[in-house]
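Undergrad: Input structure: start_10.txt, which contains compact mmCIF, C-alpha atoms.
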```txt
# COMPACT_ATOMS: atom_id res chain seq x y z
CA MET A 1 -64.05 -192.36 24.22
CA THR A 2 -67.55 -193.78 23.98
CA VAL A 3 -68.89 -194.04 20.46
CA LYS A 4 -72.62 -193.74 19.89
CA VAL A 5 -73.79 -196.24 17.28
CA GLU A 6 -77.40 -196.39 16.12
CA PHE A 7 -79.31 -198.87 14.00
CA HIS A 8 -82.51 -197.37 12.60
CA PHE A 9 -84.65 -200.37 11.77
CA ASP A 10 -88.05 -201.55 10.61
CA PHE A 11 -88.95 -205.25 10.81
CA GLY A 12 -90.25 -205.07 7.24
CA SER A 13 -86.80 -204.82 5.65
CA PRO A 14 -85.08 -208.16 5.04
CA ASN A 15 -81.78 -206.34 4.68
CA ALA A 16 -82.24 -204.84 8.13
CA TYR A 17 -82.85 -208.35 9.48
CA LEU A 18 -79.64 -209.61 7.89
CA ALA A 19 -77.76 -206.66 9.40
CA HIS A 20 -79.32 -207.49 12.78
CA LEU A 21 -77.76 -210.96 12.60
CA VAL A 22 -74.29 -209.54 11.96
CA ILE A 23 -74.38 -206.67 14.48
CA PRO A 24 -73.53 -208.88 17.51
CA ASP A 25 -70.19 -209.80 15.90
CA ILE A 26 -69.35 -206.14 15.41
CA GLU A 27 -70.43 -205.30 18.96
CA ARG A 28 -68.15 -208.00 20.33
CA ARG A 29 -65.14 -207.07 18.20
CA ALA A 30 -65.49 -203.32 18.65
CA GLY A 31 -66.67 -203.37 22.26
CA VAL A 32 -69.67 -201.15 21.54
CA GLN A 33 -73.41 -201.61 21.77
CA PHE A 34 -75.71 -200.61 18.93
CA GLU A 35 -78.72 -198.60 19.98
CA TYR A 36 -81.74 -199.96 18.11
CA VAL A 37 -84.06 -197.14 17.03
CA PRO A 38 -87.51 -198.24 15.80
CA VAL A 39 -88.63 -196.21 12.77
CA LEU A 40 -91.52 -196.75 10.41
CA LEU A 41 -90.06 -197.41 6.97
CA GLY A 42 -93.34 -196.57 5.29
CA GLY A 43 -93.15 -193.18 6.98
CA VAL A 44 -89.55 -192.71 5.83
CA PHE A 45 -90.55 -193.51 2.24
CA LYS A 46 -93.50 -191.14 2.41
CA ALA A 47 -91.40 -188.29 3.81
CA THR A 48 -88.57 -188.75 1.29
CA ASN A 49 -90.57 -189.85 -1.76
CA ASN A 50 -88.39 -192.97 -1.84
CA VAL A 51 -89.69 -196.45 -2.65
CA SER A 52 -88.69 -199.94 -1.55
CA PRO A 53 -86.41 -202.08 -3.75
CA ALA A 54 -89.43 -204.35 -4.35
CA VAL A 55 -91.04 -201.40 -6.14
CA SER A 56 -87.99 -199.85 -7.82
CA LEU A 57 -86.79 -203.19 -9.19
CA GLN A 58 -90.11 -203.98 -10.80
CA GLY A 59 -89.81 -204.45 -14.55
CA VAL A 60 -86.02 -203.99 -14.54
CA LYS A 61 -84.13 -206.87 -16.11
CA ASN A 62 -81.10 -208.37 -14.30
CA LYS A 63 -81.15 -205.99 -11.32
CA GLY A 64 -83.41 -208.10 -9.11
CA GLU A 65 -81.42 -211.22 -9.92
CA TYR A 66 -78.25 -209.37 -8.96
CA GLN A 67 -79.79 -208.26 -5.64
CA GLN A 68 -80.58 -211.90 -4.91
CA LEU A 69 -77.01 -212.81 -5.76
CA GLU A 70 -75.74 -210.15 -3.33
CA THR A 71 -78.05 -211.48 -0.62
CA GLN A 72 -76.76 -215.00 -1.25
CA ARG A 73 -73.16 -213.79 -1.02
CA PHE A 74 -73.95 -211.98 2.25
CA LEU A 75 -75.53 -215.12 3.71
CA GLU A 76 -72.50 -217.21 2.75
CA LYS A 77 -69.96 -214.65 3.93
CA HIS A 78 -71.57 -214.47 7.37
CA GLY A 79 -72.65 -218.10 7.61
CA ILE A 80 -76.31 -217.14 7.98
CA THR A 81 -78.77 -220.00 7.82
CA ARG A 82 -81.69 -218.47 9.74
CA TYR A 83 -83.22 -216.63 6.80
CA ALA A 84 -86.38 -217.35 4.81
CA ARG A 85 -88.15 -214.97 2.48
CA ASN A 86 -91.46 -213.90 4.00
CA PRO A 87 -94.19 -215.18 1.65
CA PHE A 88 -96.51 -212.40 2.86
CA PHE A 89 -94.04 -209.64 1.88
CA PRO A 90 -94.63 -206.74 2.02
CA VAL A 91 -95.96 -206.96 5.57
CA ASN A 92 -97.45 -203.76 6.99
CA THR A 93 -95.27 -203.25 10.05
CA LEU A 94 -97.19 -200.45 11.78
CA LYS A 95 -98.46 -202.69 14.59
CA ILE A 96 -95.20 -204.51 15.32
CA MET A 97 -93.18 -201.27 15.14
CA ARG A 98 -95.55 -199.65 17.63
CA GLY A 99 -95.11 -202.86 19.59
CA ALA A 100 -91.36 -202.23 19.58
CA ILE A 101 -91.88 -198.86 21.29
CA ALA A 102 -94.26 -200.50 23.76
CA ALA A 103 -91.62 -203.18 24.41
CA GLN A 104 -89.11 -200.45 25.30
CA LYS A 105 -91.52 -199.09 27.90
CA LEU A 106 -92.16 -202.61 29.22
CA GLY A 107 -88.46 -203.40 29.49
CA VAL A 108 -88.57 -206.32 27.04
CA PHE A 109 -87.15 -204.56 23.99
CA GLU A 110 -84.11 -206.71 23.29
CA LYS A 111 -86.04 -209.97 23.42
CA TYR A 112 -88.87 -208.37 21.43
CA VAL A 113 -86.53 -207.41 18.59
CA ASP A 114 -84.90 -210.85 18.40
CA GLU A 115 -88.21 -212.68 18.51
CA VAL A 116 -90.19 -210.47 16.12
CA TYR A 117 -87.33 -210.63 13.62
CA ARG A 118 -87.50 -214.42 13.92
CA HIS A 119 -91.23 -214.38 13.27
CA MET A 120 -90.68 -212.16 10.24
CA TRP A 121 -87.61 -213.63 8.53
CA ALA A 122 -86.64 -217.00 10.01
CA GLU A 123 -90.03 -218.60 10.60
CA PRO A 124 -91.99 -216.04 8.58
CA LYS A 125 -95.58 -215.18 9.41
CA LYS A 126 -98.13 -212.59 8.33
CA MET A 127 -97.14 -210.22 11.08
CA ASP A 128 -99.65 -207.50 10.27
CA GLU A 129 -102.66 -209.45 11.50
CA LEU A 130 -103.39 -209.03 15.17
CA ASP A 131 -104.21 -212.69 15.87
CA VAL A 132 -101.00 -213.79 14.16
CA ILE A 133 -99.05 -211.18 16.12
CA ARG A 134 -100.63 -212.25 19.39
CA ALA A 135 -99.87 -215.92 18.79
CA ALA A 136 -96.27 -215.05 17.89
CA TYR A 137 -95.81 -212.93 21.04
CA GLU A 138 -97.24 -215.72 23.16
CA ALA A 139 -95.06 -218.36 21.53
CA SER A 140 -92.06 -216.17 22.35
CA GLY A 141 -93.04 -215.65 25.98
CA LEU A 142 -93.61 -211.93 25.45
CA PRO A 143 -96.36 -210.05 27.36
CA ALA A 144 -98.86 -210.15 24.50
CA ASP A 145 -101.72 -208.31 26.21
CA ASP A 146 -99.52 -205.45 27.40
CA LEU A 147 -97.79 -205.11 24.03
CA ILE A 148 -101.03 -205.07 22.07
CA GLU A 149 -102.57 -202.60 24.50
CA GLY A 150 -99.44 -200.50 24.19
CA MET A 151 -99.85 -200.28 20.40
CA GLU A 152 -102.93 -198.13 20.97
CA ASP A 153 -101.21 -195.85 23.47
CA THR A 154 -101.00 -192.24 22.26
CA GLY A 155 -97.50 -191.84 23.62
CA VAL A 156 -96.31 -194.97 21.83
CA LYS A 157 -97.79 -193.84 18.53
CA ALA A 158 -96.27 -190.38 18.93
CA LYS A 159 -92.84 -191.79 19.79
CA LEU A 160 -92.72 -193.91 16.62
CA ILE A 161 -93.66 -190.88 14.54
CA ALA A 162 -91.05 -188.75 16.31
CA ASN A 163 -88.33 -191.39 15.78
CA THR A 164 -89.21 -191.56 12.10
CA GLU A 165 -89.26 -187.80 11.60
CA ASP A 166 -85.99 -187.43 13.47
CA SER A 167 -84.42 -190.16 11.36
CA VAL A 168 -85.44 -188.44 8.10
CA ALA A 169 -84.26 -185.08 9.44
CA ARG A 170 -80.83 -186.67 9.96
CA GLY A 171 -80.63 -187.94 6.38
CA VAL A 172 -82.25 -191.38 6.41
CA PHE A 173 -84.15 -192.50 3.28
CA GLY A 174 -84.31 -196.31 3.64
CA SER A 175 -83.45 -199.36 5.69
CA PRO A 176 -81.11 -200.47 7.15
CA SER A 177 -79.49 -197.21 8.23
CA PHE A 178 -76.72 -196.74 10.75
CA PHE A 179 -75.21 -193.77 12.52
CA VAL A 180 -71.74 -193.75 14.00
CA GLY A 181 -71.85 -190.45 15.85
CA LYS A 182 -73.23 -188.19 13.16
CA GLU A 183 -72.02 -190.28 10.24
CA LEU A 184 -74.78 -192.00 8.25
CA TYR A 185 -74.30 -195.35 6.55
CA PHE A 186 -76.95 -197.02 4.43
CA GLY A 187 -77.25 -200.70 3.61
CA LYS A 188 -76.14 -204.00 5.11
CA ASP A 189 -73.08 -203.87 2.89
CA ARG A 190 -71.81 -200.84 4.78
CA LEU A 191 -71.33 -202.75 8.03
CA GLY A 192 -67.61 -203.07 7.31
CA GLU A 193 -67.33 -199.30 7.01
CA VAL A 194 -69.51 -198.86 10.10
CA GLU A 195 -67.01 -200.95 12.04
CA GLU A 196 -64.06 -199.00 10.61
CA GLU A 197 -65.71 -195.74 11.58
CA ILE A 198 -66.37 -197.00 15.11
CA GLU A 199 -62.68 -197.82 15.46
CA ALA A 200 -61.72 -194.43 14.03
CA GLN A 201 -63.98 -192.57 16.45
CA LYS A 202 -62.68 -194.58 19.40
CA ARG A 203 -59.24 -193.12 18.81
CA MET B 1 -54.31 -220.33 -12.61
CA THR B 2 -55.09 -217.28 -14.72
CA VAL B 3 -58.15 -215.36 -13.62
CA LYS B 4 -60.15 -213.49 -16.23
CA VAL B 5 -61.27 -210.11 -14.90
CA GLU B 6 -63.45 -207.76 -16.93
CA PHE B 7 -64.50 -204.17 -16.45
CA HIS B 8 -67.56 -203.29 -18.52
CA PHE B 9 -67.44 -199.52 -18.81
CA ASP B 10 -68.98 -196.46 -20.38
CA PHE B 11 -67.25 -193.08 -20.13
CA GLY B 12 -70.56 -191.52 -19.10
CA SER B 13 -70.60 -193.06 -15.62
CA PRO B 14 -68.66 -191.11 -12.98
CA ASN B 15 -68.62 -194.20 -10.78
CA ALA B 16 -66.95 -196.16 -13.57
CA TYR B 17 -64.31 -193.42 -13.79
CA LEU B 18 -63.66 -193.62 -10.06
CA ALA B 19 -63.35 -197.40 -10.35
CA HIS B 20 -60.92 -196.90 -13.25
CA LEU B 21 -58.65 -194.89 -10.95
CA VAL B 22 -58.56 -197.66 -8.35
CA ILE B 23 -58.17 -200.63 -10.70
CA PRO B 24 -54.39 -200.20 -11.16
CA ASP B 25 -53.86 -200.74 -7.42
CA ILE B 26 -55.83 -203.98 -7.55
CA GLU B 27 -53.97 -205.11 -10.66
CA ARG B 28 -50.65 -204.53 -8.94
CA ARG B 29 -51.61 -206.23 -5.68
CA ALA B 30 -53.38 -209.19 -7.29
CA GLY B 31 -51.05 -209.58 -10.28
CA VAL B 32 -53.88 -209.56 -12.79
CA GLN B 33 -54.90 -207.32 -15.64
CA PHE B 34 -58.46 -206.09 -16.04
CA GLU B 35 -59.85 -206.43 -19.53
CA TYR B 36 -61.71 -203.23 -20.36
CA VAL B 37 -64.89 -203.94 -22.33
CA PRO B 38 -66.56 -200.91 -23.92
CA VAL B 39 -70.35 -201.07 -23.62
CA LEU B 40 -72.98 -198.44 -24.32
CA LEU B 41 -74.70 -197.68 -21.01
CA GLY B 42 -77.67 -196.15 -22.79
CA GLY B 43 -78.08 -199.47 -24.61
CA VAL B 44 -77.84 -201.39 -21.32
CA PHE B 45 -80.54 -199.18 -19.80
CA LYS B 46 -82.77 -199.59 -22.83
CA ALA B 47 -82.38 -203.37 -22.86
CA THR B 48 -83.01 -203.76 -19.10
CA ASN B 49 -85.51 -200.95 -18.56
CA ASN B 50 -83.11 -199.57 -15.93
CA VAL B 51 -82.39 -195.87 -15.45
CA SER B 52 -79.34 -193.91 -14.31
CA PRO B 53 -79.04 -192.76 -10.69
CA ALA B 54 -79.46 -189.19 -11.99
CA VAL B 55 -82.97 -190.18 -13.02
CA SER B 56 -83.91 -192.53 -10.17
CA LEU B 57 -82.75 -190.09 -7.49
CA GLN B 58 -84.82 -187.23 -8.87
CA GLY B 59 -87.31 -185.95 -6.34
CA VAL B 60 -86.10 -188.29 -3.59
CA LYS B 61 -85.09 -186.52 -0.41
CA ASN B 62 -81.77 -187.44 1.31
CA LYS B 63 -80.78 -190.19 -1.15
CA GLY B 64 -78.84 -187.96 -3.54
CA GLU B 65 -77.08 -186.26 -0.64
CA TYR B 66 -76.10 -189.68 0.68
CA GLN B 67 -74.73 -190.72 -2.73
CA GLN B 68 -72.58 -187.59 -2.70
CA LEU B 69 -71.39 -188.50 0.78
CA GLU B 70 -70.45 -191.98 -0.44
CA THR B 71 -68.56 -190.50 -3.38
CA GLN B 72 -66.72 -188.19 -1.01
CA ARG B 73 -65.80 -191.09 1.25
CA PHE B 74 -64.55 -193.07 -1.78
CA LEU B 75 -62.39 -190.15 -2.91
CA GLU B 76 -60.89 -189.79 0.56
CA LYS B 77 -60.36 -193.52 1.07
CA HIS B 78 -58.44 -193.81 -2.19
CA GLY B 79 -56.76 -190.40 -2.12
CA ILE B 80 -58.38 -189.36 -5.39
CA THR B 81 -57.94 -185.72 -6.35
CA ARG B 82 -58.38 -186.00 -10.12
CA TYR B 83 -62.16 -185.80 -10.13
CA ALA B 84 -64.50 -183.02 -11.18
CA ARG B 85 -68.19 -183.32 -11.88
CA ASN B 86 -68.85 -182.88 -15.59
CA PRO B 87 -71.01 -179.73 -15.96
CA PHE B 88 -72.41 -181.11 -19.22
CA PHE B 89 -73.68 -184.31 -17.57
CA PRO B 90 -75.31 -186.38 -18.95
CA VAL B 91 -73.00 -186.52 -21.95
CA ASN B 92 -74.15 -188.73 -24.83
CA THR B 93 -71.27 -191.16 -25.09
CA LEU B 94 -72.14 -192.90 -28.36
CA LYS B 95 -69.30 -191.25 -30.30
CA ILE B 96 -66.55 -191.71 -27.71
CA MET B 97 -67.62 -195.31 -27.00
CA ARG B 98 -67.46 -196.10 -30.72
CA GLY B 99 -64.13 -194.32 -30.58
CA ALA B 100 -63.04 -196.79 -27.89
CA ILE B 101 -63.70 -199.71 -30.25
CA ALA B 102 -61.86 -197.86 -33.02
CA ALA B 103 -58.96 -197.30 -30.62
CA GLN B 104 -58.76 -201.05 -30.00
CA LYS B 105 -58.39 -201.63 -33.73
CA LEU B 106 -55.80 -198.86 -33.97
CA GLY B 107 -53.78 -200.25 -31.06
CA VAL B 108 -54.15 -197.14 -28.90
CA PHE B 109 -56.86 -198.41 -26.56
CA GLU B 110 -55.12 -198.06 -23.21
CA LYS B 111 -54.04 -194.49 -23.83
CA TYR B 112 -57.48 -193.72 -25.29
CA VAL B 113 -59.25 -194.88 -22.15
CA ASP B 114 -56.99 -192.93 -19.79
CA GLU B 115 -57.20 -189.76 -21.86
CA VAL B 116 -60.92 -189.80 -22.61
CA TYR B 117 -61.66 -190.44 -18.95
CA ARG B 118 -59.52 -187.41 -18.15
CA HIS B 119 -61.45 -185.29 -20.65
CA MET B 120 -64.72 -186.48 -19.10
CA TRP B 121 -64.08 -186.43 -15.36
CA ALA B 122 -60.82 -184.64 -14.49
CA GLU B 123 -60.83 -181.76 -16.97
CA PRO B 124 -64.43 -182.20 -18.03
CA LYS B 125 -65.62 -181.26 -21.50
CA LYS B 126 -68.76 -181.69 -23.57
CA MET B 127 -67.53 -184.91 -25.10
CA ASP B 128 -70.54 -185.54 -27.32
CA GLU B 129 -69.71 -182.74 -29.78
CA LEU B 130 -67.41 -183.77 -32.57
CA ASP B 131 -65.27 -180.61 -32.53
CA VAL B 132 -64.78 -180.92 -28.79
CA ILE B 133 -63.91 -184.59 -29.17
CA ARG B 134 -61.45 -183.86 -31.97
CA ALA B 135 -59.70 -181.15 -29.97
CA ALA B 136 -59.47 -183.46 -26.96
CA TYR B 137 -58.01 -186.30 -29.04
CA GLU B 138 -55.46 -183.95 -30.55
CA ALA B 139 -54.49 -182.50 -27.18
CA SER B 140 -53.88 -186.06 -26.00
CA GLY B 141 -51.75 -187.01 -29.00
CA LEU B 142 -54.34 -189.54 -30.20
CA PRO B 143 -54.90 -190.17 -33.95
CA ALA B 144 -57.98 -187.94 -34.16
CA ASP B 145 -58.72 -188.45 -37.86
CA ASP B 146 -58.48 -192.22 -37.70
CA LEU B 147 -60.57 -192.41 -34.53
CA ILE B 148 -63.31 -190.17 -35.88
CA GLU B 149 -63.34 -192.03 -39.17
CA GLY B 150 -63.49 -195.28 -37.22
CA MET B 151 -66.65 -194.16 -35.40
CA GLU B 152 -68.52 -194.44 -38.71
CA ASP B 153 -67.16 -197.88 -39.48
CA THR B 154 -69.88 -200.53 -39.68
CA GLY B 155 -67.73 -203.09 -37.92
CA VAL B 156 -67.00 -200.67 -35.08
CA LYS B 157 -70.68 -199.85 -34.62
CA ALA B 158 -71.61 -203.53 -34.69
CA LYS B 159 -68.91 -204.44 -32.17
CA LEU B 160 -70.17 -201.89 -29.63
CA ILE B 161 -73.71 -203.23 -30.02
CA ALA B 162 -72.48 -206.82 -29.66
CA ASN B 163 -70.47 -205.97 -26.53
CA THR B 164 -73.52 -204.30 -25.02
CA GLU B 165 -75.89 -207.15 -25.84
CA ASP B 166 -73.42 -209.70 -24.54
CA SER B 167 -73.01 -207.72 -21.33
CA VAL B 168 -76.76 -207.61 -20.73
CA ALA B 169 -77.06 -211.32 -21.57
CA ARG B 170 -74.53 -212.00 -18.80
CA GLY B 171 -76.53 -210.04 -16.22
CA VAL B 172 -75.32 -206.44 -16.47
CA PHE B 173 -77.83 -203.65 -15.79
CA GLY B 174 -75.63 -200.62 -15.03
CA SER B 175 -72.14 -199.21 -14.66
CA PRO B 176 -69.57 -199.98 -13.41
CA SER B 177 -69.84 -203.74 -13.73
CA PHE B 178 -67.11 -206.29 -13.22
CA PHE B 179 -66.73 -209.97 -13.94
CA VAL B 180 -64.29 -212.24 -12.16
CA GLY B 181 -64.65 -215.35 -14.25
CA LYS B 182 -68.42 -215.68 -14.42
CA GLU B 183 -69.09 -213.78 -11.19
CA LEU B 184 -70.75 -210.39 -11.67
CA TYR B 185 -70.13 -207.45 -9.33
CA PHE B 186 -71.88 -204.12 -9.66
CA GLY B 187 -70.68 -200.78 -8.34
CA LYS B 188 -67.40 -199.15 -7.41
CA ASP B 189 -67.99 -200.21 -3.83
CA ARG B 190 -67.66 -203.86 -4.83
CA LEU B 191 -64.00 -203.51 -5.78
CA GLY B 192 -62.96 -204.99 -2.44
CA GLU B 193 -65.06 -208.07 -3.15
CA VAL B 194 -63.75 -208.18 -6.72
CA GLU B 195 -60.24 -208.38 -5.32
CA GLU B 196 -61.22 -211.07 -2.81
CA GLU B 197 -62.83 -213.10 -5.58
CA ILE B 198 -59.71 -212.77 -7.76
CA GLU B 199 -57.61 -214.14 -4.90
CA ALA B 200 -60.13 -216.95 -4.33
CA GLN B 201 -60.10 -217.95 -7.99
CA LYS B 202 -56.31 -217.89 -8.13
CA ARG B 203 -56.19 -220.69 -5.56
```
Any chance you could put this one into structure tokens?

TA:
Amino acid sequence: MTVKVEFHFDFGSPNAYLAHLVIPDIERRAGVQFEYVPVLLGGVFKATNNVSPAVSLQGVKNKGEYQQLETQRFLEKHGITRYARNPFFPVNTLKIMRGAIAAQKLGVFEKYVDEVYRHMWAEPKKMDELDVIRAAYEASGLPADDLIEGMEDTGVKAKLIANTEDSVARGVFGSPSFFVGKELYFGKDRLGEVEEEIEAQKR
Amino acid sequence: MTVKVEFHFDFGSPNAYLAHLVIPDIERRAGVQFEYVPVLLGGVFKATNNVSPAVSLQGVKNKGEYQQLETQRFLEKHGITRYARNPFFPVNTLKIMRGAIAAQKLGVFEKYVDEVYRHMWAEPKKMDELDVIRAAYEASGLPADDLIEGMEDTGVKAKLIANTEDSVARGVFGSPSFFVGKELYFGKDRLGEVEEEIEAQKR
């Protein structure tokens, strides 16, 4: 039986990036393909009244340090070396998330996701400025003009809003979020359970 | 090599209770014994400026529902049936946490922990009222008079404060928290990693 697995992502979440690096291993082991669904995390937060960890951890002793420790453990566990904190965090991702929808229409989505994640969290740049975005697209061999034109397309804008609203309607409140069938999982540390659920639903 | 494993707990945290139910399995598999360290969660929150999930989830759409889903999954995964939400939540745990220190001095700590957890989260009662506490102790065959007298002991009070301050100094910000040697783990969902770390430190 085919299992539908979704990854609702926004380039702005470092934890979503780290999940993105681990997903290929799960896909290979489980013989499934994750469907990447672009959502606007700012829109999710607005709709749910949730805030990012960067906000909720502010002024709380020990908790931020522990989150860093968990990130470090995740990097070590999965042998991840391609990760650098983005010095421009938080980056407004509206343009590059609209770009992700445009990339779907242009048939360059998979490469777009890999490359934009690289420009955000491996060789981090201020990816909310159009000239920076354009240069990054060009460096990656992506169709910069078409992508940037696509960001202004009414259909593209509407699709990103619809994805985001649909995601919230299905229970999402943050990033990264995963669905295995109808089952929601939140957080990069749920990838083990995501894989278990995939196996369970295959049976 | 002997591995030192600590569980910093407060009876007020339902997630700490659920961890408490799973710890015996880990102890048996790993051949270790968890040292239970009574801390006052209210004191941890005050010292770190952290808040309980009950507070942080207030007014946030989807997130509370997801936490309930995670609890449900935890119950199913571990076959836990002895769990009921405490209708008096949040219960002020100052008395019963002082009672835990008194129980250590009286040599009835292990039974005290099991029984008070039961009175909080399996057959839940308003365990911040002295008459309710006394009746619960008596029903459990615990030395009610000695425990209640112990709660007013200066040494007992000081020990609970010292435990709490020490816990925060070592990085704790919430409950449940675990140490394997010096390594801190937060949350009932880290018990798998706690067990892995125990095995790693045994080698």

Undergrad: Under the rule that only C-alpha atoms are counted, which of A:Val108, A:Ile198, A:Leu184, A:Met127 is the nearest residue to Arg29 in chain A?

TA: A:Ile198

Undergrad: I'd like to know which of B:Val132, B:Ile26, B:Met97, B:Ala169 is closest to chain A, using all atoms listed in the file.

TA: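 Nearest candidate to chain A out of B:Val132, B:Ile26, B:Met97, B:Ala169: B:Ala169.
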
Undergrad: Using CA of Asp131 in chain A and CA of Phe88 in chain A as the two end points, give the distance in Å to one decimal.

TA: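 For CA of Asp131 in chain A relative to CA of Phe88 in chain A, the distance reads 15.1 Å.
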
Undergrad: Neighbours of Asp146 in chain A within 12 Å (all atoms listed in the file; same-chain residues fewer than 3 positions away dropped), as a VMD selection string?

TA: chain A and resid 99 to 108 134 137 to 138 142 to 143 149 to 153

Undergrad: My list of candidates is B:Arg118, B:Glu193, B:Gln33, B:Val51. Which is closest to Phe74 in chain A when distances are computed with all atoms listed in the file?

TA: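 Among the listed residues, the smallest separation from Phe74 in chain A belongs to B:Glu193.
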
Undergrad: Once you count all atoms listed in the file, which residues of chain B turn out to be within 10 Å of chain A? Could you give them as number ranges by chain?

TA: B: 44-51, 56-67, 69-70, 168-174, 183-186, 189-190

Undergrad: (-94.5, -208.3, 1.9) in this file's frame - what residues fall within 10 Å of it? Use only C-alpha atoms and give the answer as number ranges by chain.

TA: A: 12-14, 54, 85-93, 120, 126-128

Undergrad: Just to be explicit: take each residue in the selection above, keep C-alpha atoms, and write the result as an mmCIF file, keeping the file's coordinate frame.

TA:
```cif
data_model
loop_
_atom_site.group_PDB
_atom_site.id
_atom_site.type_symbol
_atom_site.label_atom_id
_atom_site.label_comp_id
_atom_site.auth_asym_id
_atom_site.auth_seq_id
_atom_site.Cartn_x
_atom_site.Cartn_y
_atom_site.Cartn_z
ATOM 1 C CA GLY A 12 -90.250 -205.070 7.240
ATOM 2 C CA SER A 13 -86.800 -204.820 5.650
ATOM 3 C CA PRO A 14 -85.080 -208.160 5.040
ATOM 4 C CA ALA A 54 -89.430 -204.350 -4.350
ATOM 5 C CA ARG A 85 -88.150 -214.970 2.480
ATOM 6 C CA ASN A 86 -91.460 -213.900 4.000
ATOM 7 C CA PRO A 87 -94.190 -215.180 1.650
ATOM 8 C CA PHE A 88 -96.510 -212.400 2.860
ATOM 9 C CA PHE A 89 -94.040 -209.640 1.880
ATOM 10 C CA PRO A 90 -94.630 -206.740 2.020
ATOM 11 C CA VAL A 91 -95.960 -206.960 5.570
ATOM 12 C CA ASN A 92 -97.450 -203.760 6.990
ATOM 13 C CA THR A 93 -95.270 -203.250 10.050
ATOM 14 C CA MET A 120 -90.680 -212.160 10.240
ATOM 15 C CA LYS A 126 -98.130 -212.590 8.330
ATOM 16 C CA MET A 127 -97.140 -210.220 11.080
ATOM 17 C CA ASP A 128 -99.650 -207.500 10.270
#
```

Undergrad: What would the list of residues within 10 Å of (-65.3, -189.5, -14.9) (file frame) look like as a PyMOL selection string, if all atoms listed in the file are what count?

TA: chain B and resi 10-21+82-86+116-124

Undergrad: Report the distance between CA of Phe7 in chain A and CA of Pro176 in chain A in Å, rounded to one decimal place.

TA: 7.3 Å

Undergrad: Range 23-37 of chain A, all listed atoms, 4 Å padding on each side: what axis-aligned box centre and edge lengths in Å to one decimal come out, as AutoDock Vina command-line options?

TA:
```
--center_x -74.6 --center_y -203.5 --center_z 18.4 --size_x 26.9 --size_y 20.7 --size_z 15.8
```

Undergrad: Could you tell me how far CA of Glu165 in chain B lies from CA of Leu40 in chain B, in Å and to one decimal?

TA: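 Taking CA of Glu165 in chain B and CA of Leu40 in chain B, their separation equals 9.3 Å.
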
Undergrad: Since the input is missing atoms, can you rebuild N, CA and C atoms for range 155-166 of chain B and write them as a compact mmCIF listing (two decimals), in the frame of the given file?

TA:
```txt
# COMPACT_ATOMS: atom_id res chain seq x y z
N GLY B 155 -68.24 -202.08 -38.84
CA GLY B 155 -67.73 -203.09 -37.92
C GLY B 155 -67.59 -202.55 -36.50
N VAL B 156 -67.15 -201.31 -36.39
CA VAL B 156 -67.00 -200.67 -35.08
C VAL B 156 -68.37 -200.53 -34.41
N LYS B 157 -69.32 -200.01 -35.17
CA LYS B 157 -70.68 -199.85 -34.62
C LYS B 157 -71.24 -201.19 -34.16
N ALA B 158 -71.06 -202.20 -35.00
CA ALA B 158 -71.61 -203.53 -34.69
C ALA B 158 -70.94 -204.12 -33.45
N LYS B 159 -69.64 -203.87 -33.31
CA LYS B 159 -68.91 -204.44 -32.17
C LYS B 159 -69.41 -203.83 -30.85
N LEU B 160 -69.68 -202.54 -30.85
CA LEU B 160 -70.17 -201.89 -29.63
C LEU B 160 -71.55 -202.44 -29.26
N ILE B 161 -72.38 -202.64 -30.28
CA ILE B 161 -73.71 -203.23 -30.02
C ILE B 161 -73.56 -204.65 -29.48
N ALA B 162 -72.67 -205.43 -30.09
CA ALA B 162 -72.48 -206.82 -29.66
C ALA B 162 -71.96 -206.88 -28.23
N ASN B 163 -70.99 -206.02 -27.91
CA ASN B 163 -70.47 -205.97 -26.53
C ASN B 163 -71.59 -205.69 -25.54
N THR B 164 -72.45 -204.73 -25.92
CA THR B 164 -73.52 -204.30 -25.02
C THR B 164 -74.54 -205.42 -24.83
N GLU B 165 -74.92 -206.06 -25.92
CA GLU B 165 -75.89 -207.15 -25.84
C GLU B 165 -75.32 -208.33 -25.03
N ASP B 166 -74.06 -208.61 -25.26
CA ASP B 166 -73.42 -209.70 -24.54
C ASP B 166 -73.37 -209.40 -23.04
```
